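Below is one structure, written out as structure tokens; the observations come after it.
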Amino acid sequence: MLLYRCLVLGGLLLRVGTAAAQESTFQLNLLLKAAPQHVVVSGYWLEVEKRWNQQPRHSFIITPQLYAGPTGQPDVEAASRRIARNESVRGAGLQVQHRWYICAAEAVYPAGLYISAGPVFQHFAVSRDEQGWTEVVDPTGLPRYEYRDIRRTETINRYGATAQLGYQAPLPPGRVFLDLYAGVGWRMSQSSHSPDPESGSRYQSGPSDYGHAGFYVPAGFKIGVALR
């Protein structure tokens with residue numbers, strides 16, 4: 001019954017705006033969450049949500065992101081997987097969002113149906129071993145070329161913005177909850193290569209790949225706890 005009422009109110013934003021001004025039962029202001037689905041691409045996201053005291057149904061979210069480990073390939077079919085040795089990713093990112101609970105659930109921390117939006121920036125360095133020609137200096141001091149293993153690195157900067165609709169669901173008893181969401185986003189991507197320049201990005205197989213650009217659908221879940 002509560003979910004049905006939330007969905008109806010979600011489509012009537014003008015009437016919801018009046019309801020949003022009513023007093024909230026939220027008491028805890030700081031929430032901490034993890035998004036485990038990003039681990040498949042060696043991503044570790046930790047989200048901090050802080051309720052705005054002057055507007056109890058509004059909160060601000062900051063999500064630092066760390067990438068470290070072997071690359072994931074969730075968007076690449078087995079028949080067309082990239083062939084690379086010792087492929088790894090290092091990187092970091094930051095996402096900032098404003099969230100509005102358009103229909104609050106009964107909880108002592110922010111919960112219920114919400115919409116959120118904000119920008120995101122990510123930086124990746126994806127490295128792999130390949131064989132190729134490289135210049136070396138022989139014992140006489142003369143340069144020569146050898147065909148040998150080369151550590152190639154593609155550096156990617158990606159930025160964009162997302163808008164999401166979600167439901168932050170309390171898990172009684174206690175302060176633990178689930179955050180389920182889906183939305184739409186747009187991002188741009190720039191890449192460079194070392195030691196030798198290459199054209200285009202190697203990591204654009206799909207929306208979960210490191211160099212993807214364009215429209216995508218951010219969706220998933222987070223598990224969190226209300227701290228205070």
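Every chain in the structure tokens has a letter given in the order shown (A, B, ...), and although residue numbers restart at 1 in each chain, ligands are simply numbered from 1 in the order shown.
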How close does range 72-160 of chain A get to range 214-226 of chain A? List, as a Markdown table, each residue of range 72-160 of chain A within 9 Å, its nearest atom pair and the distance in Å to one decimal, counting only C-alpha atoms.
```
| residue | atom | partner | partner_atom | distance |
| --- | --- | --- | --- | --- |
| A:Val108 | CA | A:Ala226 | CA | 8.9 |
| A:Tyr109 | CA | A:Ala226 | CA | 6.6 |
| A:Pro110 | CA | A:Ala226 | CA | 8.8 |
```
(message) If DSSP is run on the backbone, what residues of range 20-197 of chain A are strand (DSSP E or B)? A reply as a PyMOL selection string would be ideal.
(response) chain A and resi 30-34+43-51+58-70+85-104+112-137+143-170+176-194
(request) Write down as a ChimeraX atom specification the residues of range 2-228 of chain A whose backbone DSSP state falls under helix (DSSP H, G or I). (result) /A:2-10,13-20,36-41,78-80
(request) Just the residues within 9 Å of Pro119 in chain A, please, counting only C-alpha atoms, with nothing from its chain fewer than 6 positions along; format it as a PyMOL selection string. (result) chain A and resi 94-97+159-162
(message) With distances taken over only C-alpha atoms, which residue among A:Arg99, A:Arg128, A:His123, A:Arg148 lies nearest Ala163 in chain A?
(response)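 Among the listed residues, the smallest separation from Ala163 in chain A belongs to A:Arg99.
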(request) Might you pull out every residue within 12 Å of Lys50 in chain A, with only C-alpha atoms counted and same-chain residues fewer than 6 positions away left off, and present them as a ChimeraX atom specification? (result) /A:26-33,56-63,96-100,109-110,226-228
